[in-house]
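Novice: Below you'll find work-v1.cif; it's mmCIF, C-alpha atoms and all ligand atoms.
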```cif
data_upload
#
loop_
_atom_site.group_PDB
_atom_site.id
_atom_site.type_symbol
_atom_site.label_atom_id
_atom_site.label_comp_id
_atom_site.auth_asym_id
_atom_site.auth_seq_id
_atom_site.Cartn_x
_atom_site.Cartn_y
_atom_site.Cartn_z
ATOM 1 C CA MET W 983 -11.168 -21.302 0.830
ATOM 2 C CA GLU W 984 -12.320 -20.817 4.368
ATOM 3 C CA SER W 985 -12.753 -17.185 5.202
ATOM 4 C CA LEU W 986 -12.259 -15.765 8.668
ATOM 5 C CA LEU W 987 -15.123 -13.419 7.664
ATOM 6 C CA ASN W 988 -13.926 -10.893 10.135
ATOM 7 C CA GLU W 989 -15.177 -7.363 9.596
ATOM 8 C CA TYR W 990 -12.112 -6.058 11.409
ATOM 9 C CA TYR W 991 -9.646 -7.352 8.828
ATOM 10 C CA LYS W 992 -9.341 -4.188 6.790
ATOM 11 C CA PRO W 993 -6.726 -1.499 6.102
ATOM 12 C CA VAL W 994 -6.344 1.249 8.693
ATOM 13 C CA LEU W 995 -5.244 3.787 6.062
ATOM 14 C CA LYS W 996 -6.757 5.065 2.835
ATOM 15 C CA TRP W 997 -3.800 4.826 0.471
ATOM 16 C CA ALA W 998 -3.167 6.194 -3.018
ATOM 17 C CA GLY W 999 -3.485 3.263 -5.381
ATOM 18 C CA GLY W 1000 -5.222 1.259 -2.633
ATOM 19 C CA LYS W 1001 -6.304 -2.035 -4.106
ATOM 20 C CA ARG W 1002 -9.721 -2.515 -2.564
ATOM 21 C CA GLN W 1003 -11.643 -2.214 -5.845
ATOM 22 C CA LEU W 1004 -9.321 -4.568 -7.678
ATOM 23 C CA LEU W 1005 -9.278 -7.166 -4.906
ATOM 24 C CA PRO W 1006 -11.733 -9.647 -6.476
ATOM 25 C CA VAL W 1007 -9.658 -9.785 -9.681
ATOM 26 C CA LEU W 1008 -6.381 -10.049 -7.780
ATOM 27 C CA LEU W 1009 -7.733 -12.818 -5.546
ATOM 28 C CA LYS W 1010 -8.986 -14.763 -8.551
ATOM 29 C CA ASN W 1011 -5.479 -14.699 -9.961
ATOM 30 C CA ILE W 1012 -3.279 -15.703 -7.067
ATOM 31 C CA PRO W 1013 -1.477 -19.057 -7.308
ATOM 32 C CA ASP W 1014 -3.231 -22.015 -5.643
ATOM 33 C CA LYS W 1015 -0.334 -22.719 -3.335
ATOM 34 C CA PHE W 1016 2.732 -20.791 -2.340
ATOM 35 C CA ASN W 1017 5.270 -20.536 0.449
ATOM 36 C CA THR W 1018 6.284 -17.063 1.699
ATOM 37 C CA TYR W 1019 4.265 -14.062 0.517
ATOM 38 C CA TYR W 1020 6.153 -10.876 -0.463
ATOM 39 C CA GLU W 1021 4.525 -7.462 -0.830
ATOM 40 C CA PRO W 1022 7.309 -4.907 -1.363
ATOM 41 C CA PHE W 1023 5.038 -1.900 -2.133
ATOM 42 C CA ILE W 1024 2.830 -2.419 0.887
ATOM 43 C CA GLY W 1025 0.941 0.941 1.010
ATOM 44 C CA GLY W 1026 -2.382 0.310 2.772
ATOM 45 C CA ALA W 1027 -1.822 -3.494 2.660
ATOM 46 C CA ALA W 1028 -5.209 -4.347 1.130
ATOM 47 C CA LEU W 1029 -4.125 -7.631 -0.508
ATOM 48 C CA LEU W 1030 -2.031 -8.816 2.444
ATOM 49 C CA ILE W 1031 -4.998 -8.344 4.780
ATOM 50 C CA SER W 1032 -7.367 -10.025 2.393
ATOM 51 C CA LEU W 1033 -5.113 -13.059 1.831
ATOM 52 C CA TYR W 1034 -4.592 -13.379 5.539
ATOM 53 C CA SER W 1035 -8.313 -13.286 6.282
ATOM 54 C CA LEU W 1036 -8.768 -16.080 3.721
ATOM 55 C CA ASN W 1037 -6.128 -18.162 5.527
ATOM 56 C CA ARG W 1038 -3.848 -18.072 2.495
ATOM 57 C CA ILE W 1039 -0.734 -16.753 4.211
ATOM 58 C CA LYS W 1040 1.666 -18.485 6.560
ATOM 59 C CA ASP W 1041 4.319 -15.816 6.668
ATOM 60 C CA ALA W 1042 5.103 -12.663 4.751
ATOM 61 C CA ILE W 1043 7.767 -10.100 4.014
ATOM 62 C CA ILE W 1044 6.383 -6.622 3.489
ATOM 63 C CA SER W 1045 8.194 -3.405 2.685
ATOM 64 C CA ASP W 1046 7.787 0.192 1.635
ATOM 65 C CA THR W 1047 10.285 3.010 1.136
ATOM 66 C CA ASN W 1048 7.948 5.345 3.007
ATOM 67 C CA THR W 1049 9.426 5.466 6.521
ATOM 68 C CA ASP W 1050 6.201 6.691 8.108
ATOM 69 C CA LEU W 1051 4.396 3.631 6.770
ATOM 70 C CA TYR W 1052 7.159 1.364 8.044
ATOM 71 C CA ASN W 1053 6.883 3.001 11.442
ATOM 72 C CA LEU W 1054 3.092 2.542 11.365
ATOM 73 C CA TYR W 1055 3.274 -1.201 10.691
ATOM 74 C CA LYS W 1056 6.043 -1.728 13.264
ATOM 75 C CA THR W 1057 3.986 0.141 15.865
ATOM 76 C CA ILE W 1058 0.798 -1.773 15.092
ATOM 77 C CA ARG W 1059 2.735 -5.019 15.334
ATOM 78 C CA GLU W 1060 4.689 -4.269 18.485
ATOM 79 C CA ASN W 1061 2.618 -1.752 20.475
ATOM 80 C CA PRO W 1062 -1.038 -2.072 19.428
ATOM 81 C CA GLN W 1063 -2.486 -1.296 22.865
ATOM 82 C CA GLN W 1064 -0.287 1.764 23.301
ATOM 83 C CA LEU W 1065 -1.439 2.953 19.886
ATOM 84 C CA ILE W 1066 -5.104 2.403 20.771
ATOM 85 C CA ASP W 1067 -4.617 4.452 23.965
ATOM 86 C CA GLU W 1068 -2.814 7.170 22.018
ATOM 87 C CA LEU W 1069 -5.650 7.312 19.446
ATOM 88 C CA ASP W 1070 -8.129 7.554 22.326
ATOM 89 C CA ASN W 1071 -6.271 10.498 23.813
ATOM 90 C CA LEU W 1072 -5.538 12.408 20.605
ATOM 91 C CA GLY W 1073 -8.403 14.840 21.089
ATOM 92 C CA PHE W 1074 -8.263 16.285 17.549
ATOM 93 C CA ARG W 1075 -11.683 16.820 16.018
ATOM 94 C CA ASN W 1076 -12.799 17.132 12.416
ATOM 95 C CA ASN W 1077 -12.111 20.801 11.764
ATOM 96 C CA LYS W 1078 -9.453 22.839 10.016
ATOM 97 C CA GLU W 1079 -7.915 24.253 13.155
ATOM 98 C CA ASP W 1080 -7.450 20.868 14.839
ATOM 99 C CA TYR W 1081 -6.169 19.348 11.591
ATOM 100 C CA TYR W 1082 -3.389 21.905 11.215
ATOM 101 C CA LYS W 1083 -2.458 21.563 14.898
ATOM 102 C CA ALA W 1084 -2.207 17.810 14.390
ATOM 103 C CA ARG W 1085 -0.078 18.292 11.278
ATOM 104 C CA GLU W 1086 2.316 20.545 13.156
ATOM 105 C CA LEU W 1087 2.600 18.086 16.022
ATOM 106 C CA PHE W 1088 3.219 15.242 13.565
ATOM 107 C CA ASN W 1089 6.051 17.154 11.915
ATOM 108 C CA SER W 1090 7.728 17.938 15.232
ATOM 109 C CA SER W 1091 7.248 14.575 16.985
ATOM 110 C CA SER W 1092 9.806 11.794 17.015
ATOM 111 C CA ASN W 1093 7.792 9.394 19.165
ATOM 112 C CA PRO W 1094 6.813 6.457 16.901
ATOM 113 C CA VAL W 1095 3.516 5.682 18.652
ATOM 114 C CA GLU W 1096 2.454 9.343 18.691
ATOM 115 C CA ARG W 1097 3.478 9.793 15.050
ATOM 116 C CA THR W 1098 1.515 6.684 14.016
ATOM 117 C CA ALA W 1099 -1.641 7.840 15.821
ATOM 118 C CA ILE W 1100 -1.433 11.301 14.250
ATOM 119 C CA LEU W 1101 -0.681 9.847 10.804
ATOM 120 C CA ILE W 1102 -3.895 7.810 11.028
ATOM 121 C CA TYR W 1103 -5.813 10.966 12.012
ATOM 122 C CA LEU W 1104 -4.204 12.998 9.176
ATOM 123 C CA ASN W 1105 -4.849 10.226 6.658
ATOM 124 C CA ARG W 1106 -8.557 10.100 7.562
ATOM 125 C CA HIS W 1107 -9.069 13.874 7.773
ATOM 126 C CA GLY W 1108 -6.673 15.179 5.107
ATOM 127 C CA TYR W 1109 -7.346 15.892 1.458
ATOM 128 C CA ASN W 1110 -8.087 12.668 -0.440
ATOM 129 C CA GLY W 1111 -6.153 10.557 2.069
ATOM 130 C CA LEU W 1112 -2.965 11.689 0.379
ATOM 131 C CA TYR W 1113 0.531 11.276 1.753
ATOM 132 C CA ARG W 1114 2.765 14.072 0.538
ATOM 133 C CA VAL W 1115 5.819 15.798 1.982
ATOM 134 C CA ASN W 1116 7.657 18.992 1.058
ATOM 135 C CA SER W 1117 11.374 19.370 0.375
ATOM 136 C CA HIS W 1118 12.051 19.406 4.136
ATOM 137 C CA ASN W 1119 10.263 16.085 4.443
ATOM 138 C CA GLU W 1120 7.355 17.729 6.274
ATOM 139 C CA PHE W 1121 3.871 16.340 5.766
ATOM 140 C CA ASN W 1122 1.970 19.067 3.910
ATOM 141 C CA VAL W 1123 -1.420 17.680 2.818
ATOM 142 C CA PRO W 1124 -4.250 20.198 3.382
ATOM 143 C CA PHE W 1125 -7.463 19.618 5.353
ATOM 144 C CA GLY W 1126 -9.956 17.301 3.622
ATOM 145 C CA LYS W 1127 -13.421 18.568 4.681
ATOM 146 C CA TYR W 1128 -15.048 15.157 5.135
ATOM 147 C CA THR W 1129 -18.461 14.992 6.783
ATOM 148 C CA ASN W 1130 -17.844 11.806 8.681
ATOM 149 C CA PRO W 1131 -14.265 10.567 8.308
ATOM 150 C CA GLY W 1132 -14.246 8.011 11.153
ATOM 151 C CA MET W 1133 -11.198 6.380 12.743
ATOM 152 C CA PRO W 1134 -10.171 2.715 12.906
ATOM 153 C CA SER W 1135 -11.616 0.816 15.864
ATOM 154 C CA PRO W 1136 -9.431 -0.892 18.519
ATOM 155 C CA GLU W 1137 -10.588 -4.217 17.050
ATOM 156 C CA ASN W 1138 -9.334 -3.124 13.620
ATOM 157 C CA ILE W 1139 -5.899 -2.268 15.065
ATOM 158 C CA MET W 1140 -5.754 -5.554 16.993
ATOM 159 C CA ALA W 1141 -6.723 -7.613 13.934
ATOM 160 C CA LEU W 1142 -3.966 -5.998 11.879
ATOM 161 C CA SER W 1143 -1.545 -6.517 14.750
ATOM 162 C CA ARG W 1144 -2.322 -10.256 14.679
ATOM 163 C CA ILE W 1145 -1.603 -10.354 10.952
ATOM 164 C CA LEU W 1146 1.684 -8.514 11.386
ATOM 165 C CA GLN W 1147 2.949 -11.039 13.952
ATOM 166 C CA SER W 1148 3.790 -13.332 11.045
ATOM 167 C CA CYS W 1149 5.294 -10.580 8.867
ATOM 168 C CA THR W 1150 8.802 -9.228 8.538
ATOM 169 C CA VAL W 1151 8.445 -5.483 8.027
ATOM 170 C CA MET W 1152 11.129 -3.708 5.977
ATOM 171 C CA ASN W 1153 11.823 -0.115 5.024
ATOM 172 C CA ALA W 1154 13.634 -0.875 1.796
ATOM 173 C CA ASP W 1155 13.541 -0.594 -1.944
ATOM 174 C CA PHE W 1156 11.556 -3.375 -3.672
ATOM 175 C CA GLY W 1157 14.760 -4.941 -5.059
ATOM 176 C CA ILE W 1158 16.180 -5.512 -1.585
ATOM 177 C CA ALA W 1159 12.843 -6.646 -0.168
ATOM 178 C CA VAL W 1160 12.520 -9.577 -2.626
ATOM 179 C CA LYS W 1161 16.185 -10.552 -2.717
ATOM 180 C CA ASN W 1162 15.698 -13.793 -0.796
ATOM 181 C CA ALA W 1163 12.517 -14.912 -2.555
ATOM 182 C CA SER W 1164 12.938 -18.473 -3.797
ATOM 183 C CA LYS W 1165 11.098 -21.128 -5.803
ATOM 184 C CA GLY W 1166 7.486 -21.521 -4.699
ATOM 185 C CA ASP W 1167 7.257 -18.116 -3.008
ATOM 186 C CA PHE W 1168 4.739 -15.529 -4.236
ATOM 187 C CA VAL W 1169 5.508 -11.850 -4.873
ATOM 188 C CA TYR W 1170 2.872 -9.179 -5.523
ATOM 189 C CA PHE W 1171 4.147 -5.900 -6.973
ATOM 190 C CA ASP W 1172 1.903 -2.837 -6.798
ATOM 191 C CA PRO W 1173 4.244 0.000 -7.774
ATOM 192 C CA PRO W 1174 3.345 3.671 -8.053
ATOM 193 C CA TYR W 1175 1.688 3.772 -11.444
ATOM 194 C CA MET W 1176 2.969 5.303 -14.642
ATOM 195 C CA PRO W 1177 1.149 8.564 -15.247
ATOM 196 C CA LEU W 1178 -1.503 8.176 -17.957
ATOM 197 C CA SER W 1179 -1.378 11.846 -18.746
ATOM 198 C CA ARG W 1180 0.097 14.965 -17.269
ATOM 199 C CA THR W 1181 -3.099 15.789 -15.399
ATOM 200 C CA SER W 1182 -3.190 12.417 -13.696
ATOM 201 C CA TYR W 1183 0.456 12.664 -12.756
ATOM 202 C CA PHE W 1184 0.896 11.537 -9.196
ATOM 203 C CA THR W 1185 4.063 10.017 -7.875
ATOM 204 C CA GLY W 1186 4.397 11.973 -4.651
ATOM 205 C CA TYR W 1187 4.313 8.886 -2.432
ATOM 206 C CA THR W 1188 7.790 9.559 -1.107
ATOM 207 C CA HIS W 1189 10.490 12.121 -1.429
ATOM 208 C CA SER W 1190 11.938 10.447 -4.489
ATOM 209 C CA GLY W 1191 8.889 9.301 -6.453
ATOM 210 C CA PHE W 1192 9.102 6.488 -8.978
ATOM 211 C CA ASN W 1193 10.211 7.090 -12.550
ATOM 212 C CA GLU W 1194 10.582 5.245 -15.844
ATOM 213 C CA ARG W 1195 13.969 3.905 -14.848
ATOM 214 C CA ASP W 1196 12.379 2.403 -11.710
ATOM 215 C CA GLN W 1197 9.693 0.810 -13.892
ATOM 216 C CA GLU W 1198 12.422 -0.765 -16.031
ATOM 217 C CA ARG W 1199 14.291 -1.935 -12.950
ATOM 218 C CA LEU W 1200 11.070 -3.461 -11.661
ATOM 219 C CA SER W 1201 10.502 -5.378 -14.897
ATOM 220 C CA GLU W 1202 14.089 -6.712 -14.665
ATOM 221 C CA THR W 1203 13.408 -7.889 -11.108
ATOM 222 C CA PHE W 1204 10.155 -9.487 -12.356
ATOM 223 C CA ARG W 1205 12.171 -11.464 -14.928
ATOM 224 C CA GLU W 1206 14.857 -12.527 -12.450
ATOM 225 C CA LEU W 1207 12.238 -13.787 -10.003
ATOM 226 C CA SER W 1208 10.534 -15.685 -12.824
ATOM 227 C CA LYS W 1209 13.785 -17.464 -13.636
ATOM 228 C CA LYS W 1210 14.060 -18.540 -9.991
ATOM 229 C CA GLY W 1211 10.584 -20.123 -10.082
ATOM 230 C CA VAL W 1212 8.916 -17.475 -7.933
ATOM 231 C CA TYR W 1213 5.241 -16.768 -8.706
ATOM 232 C CA VAL W 1214 4.907 -13.069 -9.526
ATOM 233 C CA MET W 1215 1.810 -10.915 -9.966
ATOM 234 C CA GLU W 1216 1.893 -7.180 -10.651
ATOM 235 C CA SER W 1217 -0.678 -4.459 -11.170
ATOM 236 C CA ASN W 1218 0.256 -1.434 -13.219
ATOM 237 C CA SER W 1219 -1.323 1.087 -15.534
ATOM 238 C CA SER W 1220 -2.141 -0.035 -19.023
ATOM 239 C CA THR W 1221 0.262 1.958 -21.161
ATOM 240 C CA GLU W 1222 2.282 0.935 -24.212
ATOM 241 C CA PHE W 1223 5.488 1.433 -22.239
ATOM 242 C CA ILE W 1224 4.443 -1.055 -19.552
ATOM 243 C CA LYS W 1225 3.047 -3.560 -22.072
ATOM 244 C CA GLU W 1226 6.380 -3.497 -23.884
ATOM 245 C CA LEU W 1227 8.315 -4.084 -20.638
ATOM 246 C CA TYR W 1228 6.294 -7.213 -19.820
ATOM 247 C CA LYS W 1229 6.088 -8.732 -23.300
ATOM 248 C CA GLY W 1230 5.877 -12.516 -23.074
ATOM 249 C CA PHE W 1231 4.086 -12.625 -19.708
ATOM 250 C CA ASN W 1232 0.330 -12.897 -19.124
ATOM 251 C CA LEU W 1233 -1.208 -9.444 -19.398
ATOM 252 C CA VAL W 1234 -4.856 -8.828 -18.636
ATOM 253 C CA GLU W 1235 -6.519 -5.448 -18.910
ATOM 254 C CA VAL W 1236 -9.119 -4.580 -16.277
ATOM 255 C CA ASP W 1237 -11.295 -1.561 -15.625
ATOM 256 C CA ALA W 1238 -10.459 0.094 -12.363
ATOM 257 C CA ARG W 1239 -11.467 3.219 -10.597
ATOM 258 C CA ARG W 1240 -8.534 4.939 -9.007
ATOM 259 C CA ASN W 1241 -9.557 5.896 -5.520
ATOM 260 C CA ILE W 1242 -7.095 8.754 -5.411
ATOM 261 C CA ASN W 1243 -6.903 11.125 -8.315
ATOM 262 C CA SER W 1244 -4.998 14.374 -8.591
ATOM 263 C CA VAL W 1245 -8.366 16.036 -9.146
ATOM 264 C CA GLY W 1246 -10.595 14.777 -6.360
ATOM 265 C CA THR W 1247 -13.847 15.120 -8.269
ATOM 266 C CA LYS W 1248 -12.624 13.536 -11.477
ATOM 267 C CA ARG W 1249 -12.553 9.804 -10.927
ATOM 268 C CA ASP W 1250 -12.842 8.358 -14.400
ATOM 269 C CA PRO W 1251 -12.556 4.619 -14.880
ATOM 270 C CA VAL W 1252 -9.031 3.752 -15.968
ATOM 271 C CA LYS W 1253 -7.549 0.645 -17.482
ATOM 272 C CA GLU W 1254 -5.077 -1.270 -15.417
ATOM 273 C CA LEU W 1255 -2.977 -4.293 -16.180
ATOM 274 C CA ILE W 1256 -2.672 -7.444 -14.131
ATOM 275 C CA ILE W 1257 0.579 -9.122 -15.095
ATOM 276 C CA THR W 1258 1.497 -12.655 -14.028
ATOM 277 C CA ASN W 1259 4.234 -15.101 -14.877
ATOM 278 C CA TYR W 1260 2.027 -18.163 -14.352
ATOM 279 C CA GLY W 1261 -0.840 -19.524 -16.355
ATOM 280 C CA VAL W 1262 -3.970 -18.891 -14.381
ATOM 281 C CA LEU W 1263 -5.508 -16.175 -16.511
HETATM 282 C C1 LIG U 1301 0.410 1.943 -5.345
HETATM 283 S S1 LIG U 1301 1.086 2.137 -3.734
HETATM 284 C C2 LIG U 1301 0.701 0.566 -3.031
HETATM 285 C C3 LIG U 1301 -0.764 0.473 -2.659
HETATM 286 C C4 LIG U 1301 -1.126 -0.791 -1.878
HETATM 287 N N1 LIG U 1301 -1.118 -1.965 -2.714
HETATM 288 C C5 LIG U 1301 -2.484 -0.649 -1.218
HETATM 289 O O1 LIG U 1301 -3.347 -1.533 -1.348
HETATM 290 O O2 LIG U 1301 -2.690 0.347 -0.512
HETATM 291 C C6 LIG U 1301 2.815 2.132 -3.968
HETATM 292 C C7 LIG U 1301 3.706 2.172 -2.705
HETATM 293 O O3 LIG U 1301 5.063 2.019 -3.127
HETATM 294 C C8 LIG U 1301 5.932 2.739 -2.259
HETATM 295 N N2 LIG U 1301 7.215 2.906 -2.985
HETATM 296 C C9 LIG U 1301 7.612 3.884 -3.854
HETATM 297 N N3 LIG U 1301 8.831 3.621 -4.366
HETATM 298 C C10 LIG U 1301 9.233 2.420 -3.817
HETATM 299 C C11 LIG U 1301 10.404 1.600 -3.975
HETATM 300 N N4 LIG U 1301 11.398 1.945 -4.781
HETATM 301 N N5 LIG U 1301 10.463 0.431 -3.273
HETATM 302 C C12 LIG U 1301 9.448 0.071 -2.421
HETATM 303 N N6 LIG U 1301 8.326 0.816 -2.234
HETATM 304 C C13 LIG U 1301 8.221 1.978 -2.928
HETATM 305 C C14 LIG U 1301 5.138 3.997 -1.966
HETATM 306 O O4 LIG U 1301 5.584 4.586 -0.753
HETATM 307 C C15 LIG U 1301 3.683 3.469 -1.914
HETATM 308 O O5 LIG U 1301 3.292 3.184 -0.589
#
```
Starting from the coordinates I provided, produce the structure as structure tokens.
Ligand SMILES: C[S@@+](CC[C@H](N)C(=O)[O-])C[C@H]1O[C@@H](n2cnc3c(N)ncnc32)[C@H](O)[C@@H]1O

Specialist:
Amino acid sequence: MESLLNEYYKPVLKWAGGKRQLLPVLLKNIPDKFNTYYEPFIGGAALLISLYSLNRIKDAIISDTNTDLYNLYKTIRENPQQLIDELDNLGFRNNKEDYYKARELFNSSSNPVERTAILIYLNRHGYNGLYRVNSHNEFNVPFGKYTNPGMPSPENIMALSRILQSCTVMNADFGIAVKNASKGDFVYFDPPYMPLSRTSYFTGYTHSGFNERDQERLSETFRELSKKGVYVMESNSSTEFIKELYKGFNLVEVDARRNINSVGTKRDPVKELIITNYGVL
């Protein structure tokens, strides 16, 4: 595997359930060869970026039901320089007052480039990098009090823009996003996890969240793709419910540290499952 070894190939967002810690395990378990890559819960895109930097991807279909994320990836793909200029001109600093001004502007703006730039600022400066909206679909994450949050560099934006040139970006449910996957393609599912307990309950990724019925629907899609000869890998939390849903597939339990927890200071190691329908484990 020849790596592009490019320090700029990294996510521009911190995302709940971001896969950076699990990457070595995920990479070890991807199929040797595949055609189109599908990532229908794209979030911060950690695995996509990593596979691309290892020259493992020719083309990809990525999707997320979060419209702000969709808008972010479309903007980075189509208008990277405009976004870099917008980030340069934002002028918001790392304090409470600026953060809340930025949040207000984000909620009132309909300009995709402006919204993307502010979303990046809010993601880096807001509490735990969370994305959460209220019942009016307004972003409502409080200020994060980070000492040195930093912002993505122009090179980081440009590198991601290069990756996205070979991606189809969708704003759709996972079922629609993988509809055309066929034999030899590779799908990676990283759904919002099942809560392990009430205190770790966190499904506020979008307005609708993701419930047990969605988990069942996902396992049905996993089975249908398997029948078509598509390679499928999924990460999920290690609960009896999930293990039961994926009975008969390869299940491997790994220790992972969630990078976003409902209680910011309590980041206990948790067990996650890597599920595949092929025999590499
Ligand atoms: C665990 S996160 C993915 C994290 C990502 N792998 C990363 O490295 O950052 C799950 C994502 O699924 C999205 N999502 C929730 N319900 C969905 C659905 N029904 N179809 C597609 N995406 C959905 C959320 O908006 C969220 O971005």

Novice: Go through W:Thr1203, W:Asn1259, W:Asn1053, W:Gln1064 one by one, measure the shortest atom-to-atom distance of each to Ala1159 (chain W) using all atoms listed in the file, and give the residue with the smallest value.

Specialist: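 Result for the nearest residue to Ala1159 (chain W): W:Thr1203.
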
Novice: Just want the residues within 8 Å of ligand LIG 1301 (chain U), written as a PDB file with C-alpha atoms, keeping the file's coordinate frame, counting all atoms listed in the file.

Specialist:
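The new file result-v8.pdb reads:
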```
ATOM      1  CA  PRO W 993      -6.726  -1.499   6.102  1.00  0.00           C
ATOM      2  CA  LEU W 995      -5.244   3.787   6.062  1.00  0.00           C
ATOM      3  CA  LYS W 996      -6.757   5.065   2.835  1.00  0.00           C
ATOM      4  CA  TRP W 997      -3.800   4.826   0.471  1.00  0.00           C
ATOM      5  CA  ALA W 998      -3.167   6.194  -3.018  1.00  0.00           C
ATOM      6  CA  GLY W 999      -3.485   3.263  -5.381  1.00  0.00           C
ATOM      7  CA  GLY W1000      -5.222   1.259  -2.633  1.00  0.00           C
ATOM      8  CA  LYS W1001      -6.304  -2.035  -4.106  1.00  0.00           C
ATOM      9  CA  ARG W1002      -9.721  -2.515  -2.564  1.00  0.00           C
ATOM     10  CA  PRO W1022       7.309  -4.907  -1.363  1.00  0.00           C
ATOM     11  CA  PHE W1023       5.038  -1.900  -2.133  1.00  0.00           C
ATOM     12  CA  ILE W1024       2.830  -2.419   0.887  1.00  0.00           C
ATOM     13  CA  GLY W1025       0.941   0.941   1.010  1.00  0.00           C
ATOM     14  CA  GLY W1026      -2.382   0.310   2.772  1.00  0.00           C
ATOM     15  CA  ALA W1027      -1.822  -3.494   2.660  1.00  0.00           C
ATOM     16  CA  ALA W1028      -5.209  -4.347   1.130  1.00  0.00           C
ATOM     17  CA  LEU W1029      -4.125  -7.631  -0.508  1.00  0.00           C
ATOM     18  CA  SER W1045       8.194  -3.405   2.685  1.00  0.00           C
ATOM     19  CA  ASP W1046       7.787   0.192   1.635  1.00  0.00           C
ATOM     20  CA  THR W1047      10.285   3.010   1.136  1.00  0.00           C
ATOM     21  CA  ASN W1048       7.948   5.345   3.007  1.00  0.00           C
ATOM     22  CA  LEU W1051       4.396   3.631   6.770  1.00  0.00           C
ATOM     23  CA  ASN W1153      11.823  -0.115   5.024  1.00  0.00           C
ATOM     24  CA  ALA W1154      13.634  -0.875   1.796  1.00  0.00           C
ATOM     25  CA  ASP W1155      13.541  -0.594  -1.944  1.00  0.00           C
ATOM     26  CA  PHE W1156      11.556  -3.375  -3.672  1.00  0.00           C
ATOM     27  CA  GLY W1157      14.760  -4.941  -5.059  1.00  0.00           C
ATOM     28  CA  ALA W1159      12.843  -6.646  -0.168  1.00  0.00           C
ATOM     29  CA  PHE W1171       4.147  -5.900  -6.973  1.00  0.00           C
ATOM     30  CA  ASP W1172       1.903  -2.837  -6.798  1.00  0.00           C
ATOM     31  CA  PRO W1173       4.244   0.000  -7.774  1.00  0.00           C
ATOM     32  CA  PRO W1174       3.345   3.671  -8.053  1.00  0.00           C
ATOM     33  CA  TYR W1175       1.688   3.772 -11.444  1.00  0.00           C
ATOM     34  CA  TYR W1187       4.313   8.886  -2.432  1.00  0.00           C
ATOM     35  CA  THR W1188       7.790   9.559  -1.107  1.00  0.00           C
ATOM     36  CA  SER W1190      11.938  10.447  -4.489  1.00  0.00           C
ATOM     37  CA  GLY W1191       8.889   9.301  -6.453  1.00  0.00           C
ATOM     38  CA  PHE W1192       9.102   6.488  -8.978  1.00  0.00           C
ATOM     39  CA  ASP W1196      12.379   2.403 -11.710  1.00  0.00           C
TER      40      ASP W1196
END
```

Novice: Evaluate the PyMOL selection byres (((chain W and resi 1146-1151) around 6) and not hetatm) against this structure - the residues, as a PDB file with C-alpha atoms, in the frame of the given file, please.

Specialist:
```pdb
ATOM      1  CA  ASP W1041       4.319 -15.816   6.668  1.00  0.00           C
ATOM      2  CA  ALA W1042       5.103 -12.663   4.751  1.00  0.00           C
ATOM      3  CA  ILE W1043       7.767 -10.100   4.014  1.00  0.00           C
ATOM      4  CA  ILE W1044       6.383  -6.622   3.489  1.00  0.00           C
ATOM      5  CA  SER W1045       8.194  -3.405   2.685  1.00  0.00           C
ATOM      6  CA  ARG W1059       2.735  -5.019  15.334  1.00  0.00           C
ATOM      7  CA  SER W1143      -1.545  -6.517  14.750  1.00  0.00           C
ATOM      8  CA  ARG W1144      -2.322 -10.256  14.679  1.00  0.00           C
ATOM      9  CA  ILE W1145      -1.603 -10.354  10.952  1.00  0.00           C
ATOM     10  CA  MET W1152      11.129  -3.708   5.977  1.00  0.00           C
TER      11      MET W1152
END
```

Novice: Identify the residues within 10 Å of coordinate (-3.0, -14.3, 0.9) (same frame as the file), considering only C-alpha atoms, and give the answer as an MDAnalysis selection string.

Specialist: chainID W and resid 1009 1012:1013 1015:1016 1018:1020 1029:1042 1168

Novice: CA of Ser1208 (chain W) to CA of Tyr1260 (chain W): how many Å, to one decimal?

Specialist: 9.0 Å

Novice: Find the distance between CA of Glu1222 (chain W) and CA of Glu1206 (chain W) and write it in Å to one decimal.

Specialist: 21.9 Å

Novice: What's around Ala1099 (chain W) at 8 Å? Count only C-alpha atoms, leave out sequence neighbours fewer than 2 positions away in its own chain, and write the answer as a compact mmCIF listing (two decimals) with C-alpha atoms, in the frame of the given file.

Specialist:
```txt
# COMPACT_ATOMS: atom_id res chain seq x y z
CA LEU W 1065 -1.44 2.95 19.89
CA GLU W 1068 -2.81 7.17 22.02
CA LEU W 1069 -5.65 7.31 19.45
CA LEU W 1072 -5.54 12.41 20.60
CA VAL W 1095 3.52 5.68 18.65
CA GLU W 1096 2.45 9.34 18.69
CA ARG W 1097 3.48 9.79 15.05
CA LEU W 1101 -0.68 9.85 10.80
CA ILE W 1102 -3.90 7.81 11.03
CA TYR W 1103 -5.81 10.97 12.01
```

Novice: Nearest residue to Pro1131 (chain W) out of W:Thr1098, W:Ser1201, W:Asn1077, W:Thr1221, using only C-alpha atoms?

Specialist: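 Nearest candidate to Pro1131 (chain W) out of W:Thr1098, W:Ser1201, W:Asn1077, W:Thr1221: W:Asn1077.
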
Novice: As an exercise, work out the distance from CA of Val1212 (chain W) to CA of Ile1158 (chain W) in Å and give it to one decimal place.

Specialist: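 Result for CA of Val1212 (chain W) versus CA of Ile1158 (chain W): 15.4 Å, one decimal.
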
Novice: Which residues fall under the PyMOL selection byres (((chain W and resi 1229) around 12) and not hetatm) in this file, as a count of residues only?

Specialist: 19

Novice: Considering all atoms listed in the file, can you say which of W:Val1115, W:Ile1066, W:Val1169, W:Val1252 comes closest to Asn1089 (chain W)?

Specialist: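 With all atoms listed in the file as the atom set, the closest residue is W:Val1115.
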
Novice: Could you check which of W:Asp1080, W:Glu989, W:Glu1198, W:Glu1216 is closest to Glu1021 (chain W), using all atoms listed in the file?

Specialist: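 Between W:Asp1080, W:Glu989, W:Glu1198, W:Glu1216, the residue approaching Glu1021 (chain W) most closely is W:Glu1216.
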